[in-house]
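*Asks:* The following file, coords-v9.pdb, comprises PDB, C-alpha atoms and all ligand atoms:
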ATOM      1  CA  MET A 931      15.410 -31.708  -9.424
ATOM      2  CA  PRO A 932      15.096 -28.562 -11.607
ATOM      3  CA  ARG A 933      18.419 -26.913 -12.384
ATOM      4  CA  THR A 934      18.260 -23.114 -12.438
ATOM      5  CA  LEU A 935      20.761 -20.438 -13.446
ATOM      6  CA  ILE A 936      20.331 -17.015 -11.849
ATOM      7  CA  THR A 937      22.455 -14.298 -13.436
ATOM      8  CA  GLY A 938      23.079 -11.402 -11.073
ATOM      9  CA  GLY A 939      22.473 -13.971  -8.336
ATOM     10  CA  ALA A 940      24.650 -12.150  -5.793
ATOM     11  CA  GLY A 941      22.660  -8.936  -6.134
ATOM     12  CA  PHE A 942      19.703  -7.715  -4.096
ATOM     13  CA  LEU A 943      16.937  -9.438  -6.061
ATOM     14  CA  GLY A 944      19.136 -12.250  -7.404
ATOM     15  CA  SER A 945      20.140 -13.423  -3.930
ATOM     16  CA  HIS A 946      16.513 -13.545  -2.763
ATOM     17  CA  LEU A 947      15.694 -15.543  -5.897
ATOM     18  CA  CYS A 948      18.537 -17.972  -5.060
ATOM     19  CA  ASP A 949      17.049 -18.495  -1.568
ATOM     20  CA  TYR A 950      13.534 -18.914  -2.939
ATOM     21  CA  HIS A 951      14.438 -21.478  -5.585
ATOM     22  CA  LEU A 952      16.709 -23.447  -3.237
ATOM     23  CA  ALA A 953      13.767 -23.635  -0.815
ATOM     24  CA  LYS A 954      11.624 -24.937  -3.706
ATOM     25  CA  GLY A 955      14.128 -27.784  -4.179
ATOM     26  CA  HIS A 956      15.992 -26.455  -7.228
ATOM     27  CA  GLU A 957      19.691 -26.834  -7.857
ATOM     28  CA  VAL A 958      20.834 -23.201  -8.222
ATOM     29  CA  ILE A 959      23.806 -21.829 -10.116
ATOM     30  CA  CYS A 960      24.403 -18.227  -9.143
ATOM     31  CA  MET A 961      26.405 -16.225 -11.695
ATOM     32  CA  ASP A 962      27.681 -12.730 -10.945
ATOM     33  CA  ASN A 963      30.716 -10.593 -11.758
ATOM     34  CA  LEU A 964      30.295  -8.799  -8.412
ATOM     35  CA  ILE A 965      30.493  -5.259  -9.816
ATOM     36  CA  THR A 966      27.316  -4.327  -7.983
ATOM     37  CA  GLY A 967      26.530  -7.695  -6.347
ATOM     38  CA  SER A 968      28.277  -8.987  -3.229
ATOM     39  CA  LEU A 969      29.293 -12.365  -1.822
ATOM     40  CA  ASP A 970      27.842 -11.162   1.509
ATOM     41  CA  ASN A 971      24.371 -11.616  -0.005
ATOM     42  CA  ILE A 972      24.913 -15.350  -0.540
ATOM     43  CA  ALA A 973      27.313 -16.086   2.354
ATOM     44  CA  HIS A 974      24.479 -17.616   4.415
ATOM     45  CA  ILE A 975      23.728 -20.294   1.777
ATOM     46  CA  LYS A 976      25.109 -23.653   2.873
ATOM     47  CA  SER A 977      23.200 -25.958   0.496
ATOM     48  CA  ASP A 978      25.104 -28.495  -1.607
ATOM     49  CA  ARG A 979      22.568 -27.708  -4.351
ATOM     50  CA  PHE A 980      24.120 -24.243  -4.690
ATOM     51  CA  ARG A 981      27.097 -23.133  -6.738
ATOM     52  CA  PHE A 982      28.570 -19.671  -7.321
ATOM     53  CA  VAL A 983      30.269 -18.849 -10.613
ATOM     54  CA  GLN A 984      32.062 -15.508 -10.930
ATOM     55  CA  GLN A 985      31.477 -14.394 -14.488
ATOM     56  CA  ASN A 986      30.460 -11.384 -16.513
ATOM     57  CA  VAL A 987      27.493 -12.536 -18.624
ATOM     58  CA  THR A 988      28.496 -10.222 -21.444
ATOM     59  CA  GLU A 989      31.224 -12.853 -22.093
ATOM     60  CA  PHE A 990      30.194 -16.165 -23.659
ATOM     61  CA  ILE A 991      28.563 -18.393 -21.013
ATOM     62  CA  ALA A 992      29.826 -21.985 -21.021
ATOM     63  CA  LEU A 993      27.967 -24.229 -18.567
ATOM     64  CA  GLU A 994      28.142 -28.013 -18.339
ATOM     65  CA  GLY A 995      25.002 -30.085 -17.921
ATOM     66  CA  GLU A 996      21.306 -29.470 -18.364
ATOM     67  CA  LEU A 997      19.393 -26.373 -17.383
ATOM     68  CA  ASP A 998      15.664 -26.016 -16.829
ATOM     69  CA  TYR A 999      15.384 -22.330 -16.012
ATOM     70  CA  ILE A1000      17.416 -19.163 -16.560
ATOM     71  CA  LEU A1001      16.506 -16.054 -14.594
ATOM     72  CA  HIS A1002      18.425 -13.168 -16.135
ATOM     73  CA  PHE A1003      18.859 -10.562 -13.406
ATOM     74  CA  ALA A1004      22.403  -9.340 -14.059
ATOM     75  CA  SER A1005      22.472  -5.541 -14.414
ATOM     76  CA  PRO A1006      23.335  -2.422 -12.510
ATOM     77  CA  ALA A1007      19.929  -1.262 -11.265
ATOM     78  CA  SER A1008      20.398   1.974  -9.355
ATOM     79  CA  PRO A1009      20.534   5.342 -11.161
ATOM     80  CA  ILE A1010      23.936   6.091  -9.574
ATOM     81  CA  ASP A1011      25.262   2.760 -10.892
ATOM     82  CA  TYR A1012      24.201   3.340 -14.429
ATOM     83  CA  LEU A1013      25.711   6.808 -14.337
ATOM     84  CA  GLU A1014      29.021   5.281 -13.235
ATOM     85  CA  LEU A1015      28.776   2.153 -15.382
ATOM     86  CA  PRO A1016      26.975   3.302 -18.528
ATOM     87  CA  ILE A1017      28.763   1.008 -20.991
ATOM     88  CA  GLN A1018      28.536  -2.042 -18.721
ATOM     89  CA  THR A1019      24.821  -1.329 -18.261
ATOM     90  CA  LEU A1020      24.263  -1.227 -22.012
ATOM     91  CA  LYS A1021      26.406  -4.324 -22.546
ATOM     92  CA  VAL A1022      24.759  -6.509 -19.923
ATOM     93  CA  GLY A1023      21.269  -5.592 -21.162
ATOM     94  CA  SER A1024      22.163  -6.286 -24.784
ATOM     95  CA  LEU A1025      25.130  -8.682 -25.120
ATOM     96  CA  GLY A1026      24.437 -10.288 -21.732
ATOM     97  CA  THR A1027      20.801 -10.906 -22.623
ATOM     98  CA  HIS A1028      21.845 -12.294 -25.997
ATOM     99  CA  ASN A1029      24.269 -14.723 -24.321
ATOM    100  CA  ALA A1030      21.712 -15.806 -21.728
ATOM    101  CA  LEU A1031      19.095 -16.363 -24.455
ATOM    102  CA  GLY A1032      21.612 -18.308 -26.535
ATOM    103  CA  LEU A1033      22.240 -20.528 -23.531
ATOM    104  CA  ALA A1034      18.476 -20.986 -23.003
ATOM    105  CA  LYS A1035      18.103 -22.072 -26.625
ATOM    106  CA  LYS A1036      21.017 -24.492 -26.415
ATOM    107  CA  LYS A1037      19.828 -26.049 -23.141
ATOM    108  CA  ASN A1038      16.138 -25.921 -24.010
ATOM    109  CA  ALA A1039      15.622 -23.961 -20.785
ATOM    110  CA  ARG A1040      12.828 -21.547 -19.943
ATOM    111  CA  PHE A1041      14.142 -17.964 -19.817
ATOM    112  CA  LEU A1042      12.870 -15.142 -17.630
ATOM    113  CA  LEU A1043      14.032 -11.574 -18.253
ATOM    114  CA  ALA A1044      14.172  -9.041 -15.443
ATOM    115  CA  SER A1045      12.787  -5.989 -17.198
ATOM    116  CA  THR A1046      11.722  -2.793 -15.515
ATOM    117  CA  SER A1047       9.162  -0.038 -15.172
ATOM    118  CA  GLU A1048      11.921   2.137 -16.709
ATOM    119  CA  VAL A1049      10.760   0.850 -20.117
ATOM    120  CA  TYR A1050       7.830   3.266 -19.597
ATOM    121  CA  GLY A1051      10.284   6.158 -19.072
ATOM    122  CA  ASP A1052       8.641   9.335 -17.756
ATOM    123  CA  PRO A1053       5.158   7.982 -18.392
ATOM    124  CA  LEU A1054       2.329   9.884 -20.034
ATOM    125  CA  VAL A1055      -0.154   7.173 -19.038
ATOM    126  CA  HIS A1056      -1.028   6.508 -15.407
ATOM    127  CA  PRO A1057      -1.063   3.917 -13.910
ATOM    128  CA  GLN A1058       1.195   2.055 -16.326
ATOM    129  CA  LYS A1059      -0.282  -0.937 -18.110
ATOM    130  CA  GLU A1060       1.749  -3.413 -20.115
ATOM    131  CA  ASP A1061       0.302  -2.170 -23.419
ATOM    132  CA  TYR A1062       1.782   1.334 -22.902
ATOM    133  CA  TRP A1063       4.885   1.805 -25.098
ATOM    134  CA  GLY A1064       6.544   4.386 -22.912
ATOM    135  CA  ASN A1065       8.176   7.797 -23.063
ATOM    136  CA  VAL A1066      11.939   7.279 -22.927
ATOM    137  CA  ASN A1067      14.749   9.725 -23.689
ATOM    138  CA  PRO A1068      17.251   7.474 -25.486
ATOM    139  CA  ILE A1069      20.191   9.857 -25.046
ATOM    140  CA  GLY A1070      19.604  10.965 -21.452
ATOM    141  CA  PRO A1071      21.645   9.605 -18.528
ATOM    142  CA  ARG A1072      19.009   6.949 -17.767
ATOM    143  CA  GLY A1073      18.820   5.957 -21.445
ATOM    144  CA  VAL A1074      21.636   3.439 -20.980
ATOM    145  CA  TYR A1075      19.440   1.398 -18.639
ATOM    146  CA  ASP A1076      16.051   2.068 -20.220
ATOM    147  CA  GLU A1077      17.156   1.338 -23.768
ATOM    148  CA  ALA A1078      19.209  -1.713 -22.747
ATOM    149  CA  LYS A1079      16.125  -3.176 -21.080
ATOM    150  CA  ARG A1080      13.916  -2.267 -24.030
ATOM    151  CA  PHE A1081      16.414  -3.957 -26.340
ATOM    152  CA  ALA A1082      16.482  -6.946 -23.962
ATOM    153  CA  GLU A1083      12.692  -7.250 -24.221
ATOM    154  CA  ALA A1084      12.883  -7.078 -28.027
ATOM    155  CA  MET A1085      15.638  -9.715 -28.091
ATOM    156  CA  THR A1086      13.667 -11.965 -25.733
ATOM    157  CA  MET A1087      10.562 -11.768 -27.926
ATOM    158  CA  ALA A1088      12.706 -12.445 -31.026
ATOM    159  CA  TYR A1089      14.125 -15.635 -29.445
ATOM    160  CA  HIS A1090      10.609 -16.610 -28.454
ATOM    161  CA  ARG A1091       9.078 -16.002 -31.889
ATOM    162  CA  TYR A1092      11.966 -17.006 -34.138
ATOM    163  CA  HIS A1093      13.617 -19.793 -32.133
ATOM    164  CA  GLY A1094      10.606 -20.955 -30.089
ATOM    165  CA  VAL A1095      12.427 -20.423 -26.772
ATOM    166  CA  GLU A1096      10.032 -20.392 -23.825
ATOM    167  CA  THR A1097      10.353 -16.882 -22.426
ATOM    168  CA  ARG A1098       8.855 -14.720 -19.678
ATOM    169  CA  ILE A1099       9.311 -10.975 -19.137
ATOM    170  CA  VAL A1100       8.729  -9.347 -15.771
ATOM    171  CA  ARG A1101       8.574  -5.555 -15.575
ATOM    172  CA  ILE A1102       9.769  -4.838 -12.068
ATOM    173  CA  PHE A1103       8.643  -1.675 -10.300
ATOM    174  CA  ASN A1104      10.503  -0.094  -7.358
ATOM    175  CA  THR A1105      11.349  -2.827  -4.869
ATOM    176  CA  TYR A1106      12.956  -2.624  -1.428
ATOM    177  CA  GLY A1107      14.064  -4.915   1.352
ATOM    178  CA  PRO A1108      17.051  -6.444   3.129
ATOM    179  CA  ARG A1109      20.284  -6.791   1.087
ATOM    180  CA  MET A1110      19.934  -3.467  -0.684
ATOM    181  CA  ARG A1111      23.323  -1.824  -0.365
ATOM    182  CA  ILE A1112      23.850   0.920   2.197
ATOM    183  CA  ARG A1113      25.292   3.129  -0.540
ATOM    184  CA  ASP A1114      22.889   1.865  -3.195
ATOM    185  CA  GLY A1115      21.784   5.391  -4.072
ATOM    186  CA  ARG A1116      18.090   4.622  -4.413
ATOM    187  CA  ALA A1117      15.508   6.407  -2.299
ATOM    188  CA  ILE A1118      14.756   3.863   0.451
ATOM    189  CA  PRO A1119      18.375   2.810   1.163
ATOM    190  CA  ASN A1120      19.477   6.459   1.105
ATOM    191  CA  PHE A1121      16.730   7.620   3.443
ATOM    192  CA  LEU A1122      17.219   4.701   5.842
ATOM    193  CA  SER A1123      20.995   5.119   6.082
ATOM    194  CA  GLN A1124      20.652   8.887   6.438
ATOM    195  CA  ALA A1125      17.988   8.571   9.142
ATOM    196  CA  ILE A1126      19.917   5.921  11.097
ATOM    197  CA  THR A1127      23.193   7.860  11.033
ATOM    198  CA  GLY A1128      21.591  11.247  11.725
ATOM    199  CA  GLN A1129      22.444  12.811   8.366
ATOM    200  CA  ASP A1130      20.100  15.053   6.399
ATOM    201  CA  ILE A1131      17.517  13.220   4.287
ATOM    202  CA  THR A1132      18.113  14.173   0.657
ATOM    203  CA  VAL A1133      14.829  14.577  -1.179
ATOM    204  CA  TYR A1134      15.527  15.309  -4.839
ATOM    205  CA  GLY A1135      13.568  18.184  -6.367
ATOM    206  CA  ASP A1136      10.444  19.169  -4.455
ATOM    207  CA  GLY A1137       9.714  15.532  -3.618
ATOM    208  CA  SER A1138       6.329  15.588  -5.340
ATOM    209  CA  GLN A1139       7.365  12.857  -7.794
ATOM    210  CA  THR A1140       5.667   9.558  -6.999
ATOM    211  CA  ARG A1141       6.779   5.937  -6.745
ATOM    212  CA  SER A1142       5.070   2.722  -5.660
ATOM    213  CA  PHE A1143       7.259   0.473  -3.503
ATOM    214  CA  CYS A1144       7.013  -3.318  -3.364
ATOM    215  CA  TYR A1145       8.544  -5.490  -0.644
ATOM    216  CA  VAL A1146      11.047  -8.010  -1.975
ATOM    217  CA  SER A1147       9.248 -11.196  -0.826
ATOM    218  CA  ASP A1148       6.102 -10.150  -2.717
ATOM    219  CA  LEU A1149       8.144  -9.469  -5.826
ATOM    220  CA  VAL A1150       9.938 -12.823  -5.670
ATOM    221  CA  GLU A1151       6.624 -14.672  -5.294
ATOM    222  CA  GLY A1152       5.233 -12.847  -8.341
ATOM    223  CA  ILE A1153       8.332 -13.663 -10.382
ATOM    224  CA  HIS A1154       8.141 -17.346  -9.490
ATOM    225  CA  ARG A1155       4.475 -17.488 -10.473
ATOM    226  CA  LEU A1156       5.268 -15.826 -13.788
ATOM    227  CA  LEU A1157       8.126 -18.275 -14.404
ATOM    228  CA  MET A1158       5.769 -21.206 -13.818
ATOM    229  CA  SER A1159       2.976 -19.719 -15.958
ATOM    230  CA  ASP A1160       2.554 -20.115 -19.696
ATOM    231  CA  TYR A1161       2.329 -16.366 -20.365
ATOM    232  CA  SER A1162       5.060 -14.964 -22.602
ATOM    233  CA  ASP A1163       4.114 -11.273 -22.911
ATOM    234  CA  PRO A1164       5.472  -8.778 -20.337
ATOM    235  CA  VAL A1165       3.829  -8.639 -16.911
ATOM    236  CA  ASN A1166       4.122  -5.797 -14.376
ATOM    237  CA  ILE A1167       5.028  -6.880 -10.854
ATOM    238  CA  GLY A1168       4.964  -4.171  -8.217
ATOM    239  CA  ASN A1169       2.912  -2.718  -5.422
ATOM    240  CA  PRO A1170       0.313  -0.178  -6.604
ATOM    241  CA  GLN A1171       0.425   1.755  -3.313
ATOM    242  CA  GLU A1172       1.669   5.076  -4.690
ATOM    243  CA  MET A1173       3.183   7.901  -2.650
ATOM    244  CA  THR A1174       5.315  10.969  -3.148
ATOM    245  CA  VAL A1175       9.020  10.729  -2.420
ATOM    246  CA  ARG A1176       8.576  13.338   0.316
ATOM    247  CA  GLU A1177       5.908  11.158   1.959
ATOM    248  CA  MET A1178       8.347   8.245   1.884
ATOM    249  CA  ALA A1179      11.038  10.387   3.524
ATOM    250  CA  GLU A1180       8.554  11.365   6.278
ATOM    251  CA  LYS A1181       7.493   7.741   6.714
ATOM    252  CA  ILE A1182      11.124   6.735   7.205
ATOM    253  CA  LEU A1183      11.720   9.500   9.741
ATOM    254  CA  GLN A1184       8.715   8.184  11.654
ATOM    255  CA  ALA A1185       9.776   4.526  11.398
ATOM    256  CA  THR A1186      13.317   5.246  12.595
ATOM    257  CA  GLY A1187      12.400   7.880  15.199
ATOM    258  CA  SER A1188      15.236   9.915  13.679
ATOM    259  CA  THR A1189      15.619  13.665  14.158
ATOM    260  CA  SER A1190      17.310  14.109  10.765
ATOM    261  CA  LYS A1191      16.136  17.070   8.668
ATOM    262  CA  ILE A1192      14.645  16.698   5.219
ATOM    263  CA  ILE A1193      16.632  18.810   2.757
ATOM    264  CA  SER A1194      16.141  19.378  -0.950
ATOM    265  CA  ALA A1195      18.814  18.242  -3.437
ATOM    266  CA  PRO A1196      18.900  18.606  -7.235
ATOM    267  CA  LEU A1197      16.459  16.474  -9.204
ATOM    268  CA  PRO A1198      18.349  14.094 -11.543
ATOM    269  CA  ALA A1199      17.749  14.472 -15.303
ATOM    270  CA  ASP A1200      14.722  12.622 -16.688
ATOM    271  CA  ASP A1201      13.572  11.503 -13.232
ATOM    272  CA  PRO A1202      10.071  10.090 -13.868
ATOM    273  CA  LYS A1203       7.403  12.312 -12.299
ATOM    274  CA  ILE A1204       4.917   9.551 -11.575
ATOM    275  CA  ARG A1205       5.005   5.767 -11.424
ATOM    276  CA  GLN A1206       2.414   3.205 -10.439
ATOM    277  CA  PRO A1207       1.949  -0.292 -11.783
ATOM    278  CA  ASP A1208      -1.369  -1.512 -13.069
ATOM    279  CA  ILE A1209      -1.248  -5.104 -11.786
ATOM    280  CA  GLY A1210      -4.521  -6.266 -13.328
ATOM    281  CA  LEU A1211      -2.674  -8.642 -15.649
ATOM    282  CA  ALA A1212      -0.597 -10.207 -12.839
ATOM    283  CA  THR A1213      -3.750 -10.742 -10.809
ATOM    284  CA  GLU A1214      -5.644 -12.217 -13.751
ATOM    285  CA  LYS A1215      -2.900 -14.458 -15.149
ATOM    286  CA  LEU A1216      -0.953 -15.342 -11.977
ATOM    287  CA  GLY A1217      -3.474 -14.853  -9.174
ATOM    288  CA  TRP A1218      -0.848 -12.572  -7.630
ATOM    289  CA  LYS A1219      -1.065  -9.415  -5.590
ATOM    290  CA  PRO A1220       1.311  -7.976  -2.982
ATOM    291  CA  GLU A1221       0.657  -8.782   0.658
ATOM    292  CA  VAL A1222       3.334  -7.081   2.748
ATOM    293  CA  GLU A1223       2.211  -3.747   4.184
ATOM    294  CA  LEU A1224       4.670  -0.867   3.882
ATOM    295  CA  ASP A1225       5.124  -0.559   7.661
ATOM    296  CA  ARG A1226       6.070  -4.219   8.022
ATOM    297  CA  GLY A1227       8.365  -4.163   4.996
ATOM    298  CA  LEU A1228      10.090  -1.012   6.183
ATOM    299  CA  ALA A1229      10.547  -2.459   9.691
ATOM    300  CA  SER A1230      12.423  -5.515   8.419
ATOM    301  CA  THR A1231      14.485  -3.419   6.006
ATOM    302  CA  LEU A1232      15.318  -1.062   8.864
ATOM    303  CA  ASP A1233      16.535  -4.015  11.010
ATOM    304  CA  TYR A1234      18.844  -5.063   8.181
ATOM    305  CA  PHE A1235      20.223  -1.550   7.650
ATOM    306  CA  LYS A1236      20.817  -1.031  11.373
ATOM    307  CA  ALA A1237      22.710  -4.313  11.661
ATOM    308  CA  LYS A1238      24.753  -3.560   8.510
ATOM    309  CA  LEU A1239      25.644  -0.029   9.632
ATOM    310  CA  LEU A1240      26.617  -1.240  13.120
ATOM    311  CA  SER A1241      28.941  -3.897  11.679
ATOM    312  CA  GLN A1242      30.830  -1.333   9.546
TER     313      GLN A1242
HETATM  314  N1  LIG B1301      15.290  10.154  -4.576
HETATM  315  C1  LIG B1301      15.400  11.147  -3.627
HETATM  316  N2  LIG B1301      16.460  11.129  -2.773
HETATM  317  C2  LIG B1301      17.415  10.161  -2.793
HETATM  318  C3  LIG B1301      17.291   9.120  -3.747
HETATM  319  C4  LIG B1301      16.231   9.162  -4.634
HETATM  320  O1  LIG B1301      14.557  12.063  -3.550
HETATM  321  O2  LIG B1301      18.342  10.230  -1.947
HETATM  322  C5  LIG B1301      14.153  10.184  -5.494
HETATM  323  C6  LIG B1301      14.516  10.097  -6.969
HETATM  324  O3  LIG B1301      14.776  11.365  -7.503
HETATM  325  C7  LIG B1301      13.258   9.464  -7.538
HETATM  326  C8  LIG B1301      12.726   8.593  -6.408
HETATM  327  O4  LIG B1301      13.352   9.071  -5.229
HETATM  328  O5  LIG B1301      12.297  10.474  -7.819
HETATM  329  C9  LIG B1301      13.068   7.128  -6.579
HETATM  330  O6  LIG B1301      14.422   7.056  -6.905
HETATM  331  P1  LIG B1301      15.236   5.715  -6.969
HETATM  332  O7  LIG B1301      16.645   6.066  -7.253
HETATM  333  O8  LIG B1301      14.947   4.924  -5.742
HETATM  334  O9  LIG B1301      14.621   4.895  -8.165
HETATM  335  P2  LIG B1301      13.941   5.275  -9.574
HETATM  336  O10 LIG B1301      12.519   4.979  -9.347
HETATM  337  O11 LIG B1301      14.145   6.736  -9.882
HETATM  338  O12 LIG B1301      14.616   4.389 -10.518
END
Would you mind writing the file out in structure tokens?
Ligand code: UDP

*Replies:*
Amino acid sequence: MPRTLITGGAGFLGSHLCDYHLAKGHEVICMDNLITGSLDNIAHIKSDRFRFVQQNVTEFIALEGELDYILHFASPASPIDYLELPIQTLKVGSLGTHNALGLAKKKNARFLLASTSEVYGDPLVHPQKEDYWGNVNPIGPRGVYDEAKRFAEAMTMAYHRYHGVETRIVRIFNTYGPRMRIRDGRAIPNFLSQAITGQDITVYGDGSQTRSFCYVSDLVEGIHRLLMSDYSDPVNIGNPQEMTVREMAEKILQATGSTSKIISAPLPADDPKIRQPDIGLATEKLGWKPEVELDRGLASTLDYFKAKLLSQ
């Protein structure tokens, strides 16, 4: 039975990865300090192959026994989180990644880093391919996340090249689905909660900036395929269906049947103007492409948000 550590395992993506790998027969150790993760996300897991460890991965990680895989997902991941937790964001991407890689080396485990489309910054190349080096403002408010993840990629490649650790790097584009927090701050959770509760929908700037949104089950499948592959350079995983933020707000109004108004709010500093993954590499190397249509993904996310908001 493979034994797998998932850091950030009580977060949005981490908890879906726990479910996925338990279903694949793994023993799963979920590690989280719960600053942005929540025990609610893993409360449904009853398996005796599952264990939760409350720990900040920026502290030395001591784990008994063997490990086959480490999926390093611990990090604040919403712009409002990294504004509130700038030092923690930098520390988990740098010191946390170093600790998780050190553990992978010691246990001879395969390591997968959750990287991000933010490594491309406000991109000057469109769509973004893995060989684009990016356009990042290191000292802007998003720099704490972008640079931590860029450092994490560099550290991962150094452990791969210098220590021979088996490593994988996934560059995750905007993802949505159940278990995003109501007050997560990102576009889809904001718009859904606002639409459901009849508040104004806050579109930042003129809403012409674009994103490409991937449903969580597609993302998790892509990550698993990458983990099982023998490819150690970064791979984009995301849904190339690009739309403006205003179009997404309108889509959510339609899906919820809400009468909320769309209002304009200030555009955050360094907000990328365009973003779309080129997934040619994922398709070639992993035989992967997303399958969940936006309408279906939004419907199941909406069900989750409605139930969550009703229970509050
Ligand atoms: N956004 C918005 N209203 C919100 C939240 C976000 O218009 O209430 C915009 C944000 O400015 C960005 C896009 O939606 O252009 C996606 O933002 P998000 O925070 O989801 O993730 P990002 O891709 O910027 O990391």

*Asks:* Residues within 10 Å of ligand LIG 1301 (chain B) (only C-alpha atoms and all ligand atoms), as number ranges by chain?

*Replies:* A: 1007-1011, 1046-1048, 1051-1052, 1072, 1075, 1103-1106, 1114-1124, 1130-1143, 1174-1176, 1178-1179, 1192-1205

*Asks:* What separation in Å, quoted to one decimal, exists between CA of Glu1077 (chain A) and CA of Gln1058 (chain A)?

*Replies:*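 About the pair CA of Glu1077 (chain A) and CA of Gln1058 (chain A): they are 17.6 Å apart.
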
*Asks:* Care to translate the PyMOL selection byres (((chain A and resi 936) around 9) and not hetatm) into actual residues of this file, as number ranges by chain?

*Replies:* A: 934-935, 937-940, 944-945, 947-948, 958-962, 999-1004

*Asks:* So the first atom is CA of Gly1128 (chain A) and the second is CA of Met1173 (chain A); what is the distance between them in Å, to one decimal place?

*Replies:* 23.6 Å

*Asks:* Find the residue from A:Gly1187, A:Pro1207, A:Pro1071, A:Gly941 that sits nearest to Val1055 (chain A); use only C-alpha atoms when measuring.

*Replies:*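 Counting only C-alpha atoms, the residue closest to Val1055 (chain A) is A:Pro1207.
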
*Asks:* Quick check, in Å to one decimal: how far apart do CA of Val1022 (chain A) and CA of Thr988 (chain A) lie?

*Replies:*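 That distance, rounded to one decimal, is 5.5 Å.
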
*Asks:* I'd like to know which of A:Pro1053, A:Glu1214, A:Pro1220, A:Gln985 is closest to Asn1067 (chain A), using all atoms listed in the file.

*Replies:*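 The shortest atom-to-atom distance to Asn1067 (chain A) comes from A:Pro1053.
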
*Asks:* Of the candidates A:Glu989, A:Glu1083, A:Asp1076, A:Asp949, which one gets nearest to Gly1026 (chain A) if we count all atoms listed in the file?

*Replies:* A:Glu989

*Asks:* Expand the PyMOL selection byres (((chain A and resi 1159) around 12) and not hetatm) into the individual residues it matches in the shown file, reporting them as a PyMOL selection string.

*Replies:* chain A and resi 1040-1042+1096-1100+1152-1158+1160-1163+1165+1212+1214-1218

*Asks:* For the selection just defined, write its residues with C-alpha atoms to a file, as a PDB file, in the coordinates of the input.

*Replies:*
ATOM      1  CA  ARG A1040      12.828 -21.547 -19.943  1.00  0.00           C
ATOM      2  CA  PHE A1041      14.142 -17.964 -19.817  1.00  0.00           C
ATOM      3  CA  LEU A1042      12.870 -15.142 -17.630  1.00  0.00           C
ATOM      4  CA  GLU A1096      10.032 -20.392 -23.825  1.00  0.00           C
ATOM      5  CA  THR A1097      10.353 -16.882 -22.426  1.00  0.00           C
ATOM      6  CA  ARG A1098       8.855 -14.720 -19.678  1.00  0.00           C
ATOM      7  CA  ILE A1099       9.311 -10.975 -19.137  1.00  0.00           C
ATOM      8  CA  VAL A1100       8.729  -9.347 -15.771  1.00  0.00           C
ATOM      9  CA  GLY A1152       5.233 -12.847  -8.341  1.00  0.00           C
ATOM     10  CA  ILE A1153       8.332 -13.663 -10.382  1.00  0.00           C
ATOM     11  CA  HIS A1154       8.141 -17.346  -9.490  1.00  0.00           C
ATOM     12  CA  ARG A1155       4.475 -17.488 -10.473  1.00  0.00           C
ATOM     13  CA  LEU A1156       5.268 -15.826 -13.788  1.00  0.00           C
ATOM     14  CA  LEU A1157       8.126 -18.275 -14.404  1.00  0.00           C
ATOM     15  CA  MET A1158       5.769 -21.206 -13.818  1.00  0.00           C
ATOM     16  CA  ASP A1160       2.554 -20.115 -19.696  1.00  0.00           C
ATOM     17  CA  TYR A1161       2.329 -16.366 -20.365  1.00  0.00           C
ATOM     18  CA  SER A1162       5.060 -14.964 -22.602  1.00  0.00           C
ATOM     19  CA  ASP A1163       4.114 -11.273 -22.911  1.00  0.00           C
ATOM     20  CA  VAL A1165       3.829  -8.639 -16.911  1.00  0.00           C
ATOM     21  CA  ALA A1212      -0.597 -10.207 -12.839  1.00  0.00           C
ATOM     22  CA  GLU A1214      -5.644 -12.217 -13.751  1.00  0.00           C
ATOM     23  CA  LYS A1215      -2.900 -14.458 -15.149  1.00  0.00           C
ATOM     24  CA  LEU A1216      -0.953 -15.342 -11.977  1.00  0.00           C
ATOM     25  CA  GLY A1217      -3.474 -14.853  -9.174  1.00  0.00           C
ATOM     26  CA  TRP A1218      -0.848 -12.572  -7.630  1.00  0.00           C
TER      27      TRP A1218
END

*Asks:* Extract, using only C-alpha atoms, all DNA, RNA and protein residues at most 10 Å from Ala1082 (chain A), discarding same-chain residues fewer than 5 positions from it, and format them as a PyMOL selection string.

*Replies:* chain A and resi 1020+1022-1028+1031+1043-1045+1076-1077+1087-1088+1099

*Asks:* Considering only C-alpha atoms, state which residue in the set A:Leu1183, A:Ile1112, A:Tyr1012, A:Asn1065 is at the smallest distance from Gln1242 (chain A).

*Replies:*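 Among the listed residues, the smallest separation from Gln1242 (chain A) belongs to A:Ile1112.
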
*Asks:* Between A:Gln1184, A:Asn1166, A:Ser1230, A:Ser1147, single out the one closest to Lys1059 (chain A), counting all atoms listed in the file.

*Replies:*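 Smallest distance to Lys1059 (chain A) is found for A:Asn1166.
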
*Asks:* Please return the centre and edge lengths, in Å to one decimal, of a box with edges along x, y and z that contains all listed atoms of region 1009-1021 of chain A, widened by 4 Å on every side, as JSON.

*Replies:*
{"center_x": 24.8, "center_y": 1.2, "center_z": -16.1, "size_x": 16.5, "size_y": 19.1, "size_z": 21.0}

*Asks:* Determine the residue set returned by the PyMOL selection byres (((chain A and resi 1234) around 12) and not hetatm) for the present structure, and present it as a PyMOL selection string.

*Replies:* chain A and resi 971+1106-1112+1119+1122-1123+1126+1227-1233+1235-1241

*Asks:* Which residue out of A:Thr1019, A:Pro1164, A:Tyr1050, A:Gly1064 has the minimum interatomic distance to Ala1084 (chain A) when all atoms listed in the file are used?

*Replies:*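 Selected residue with least distance to Ala1084 (chain A): A:Pro1164.
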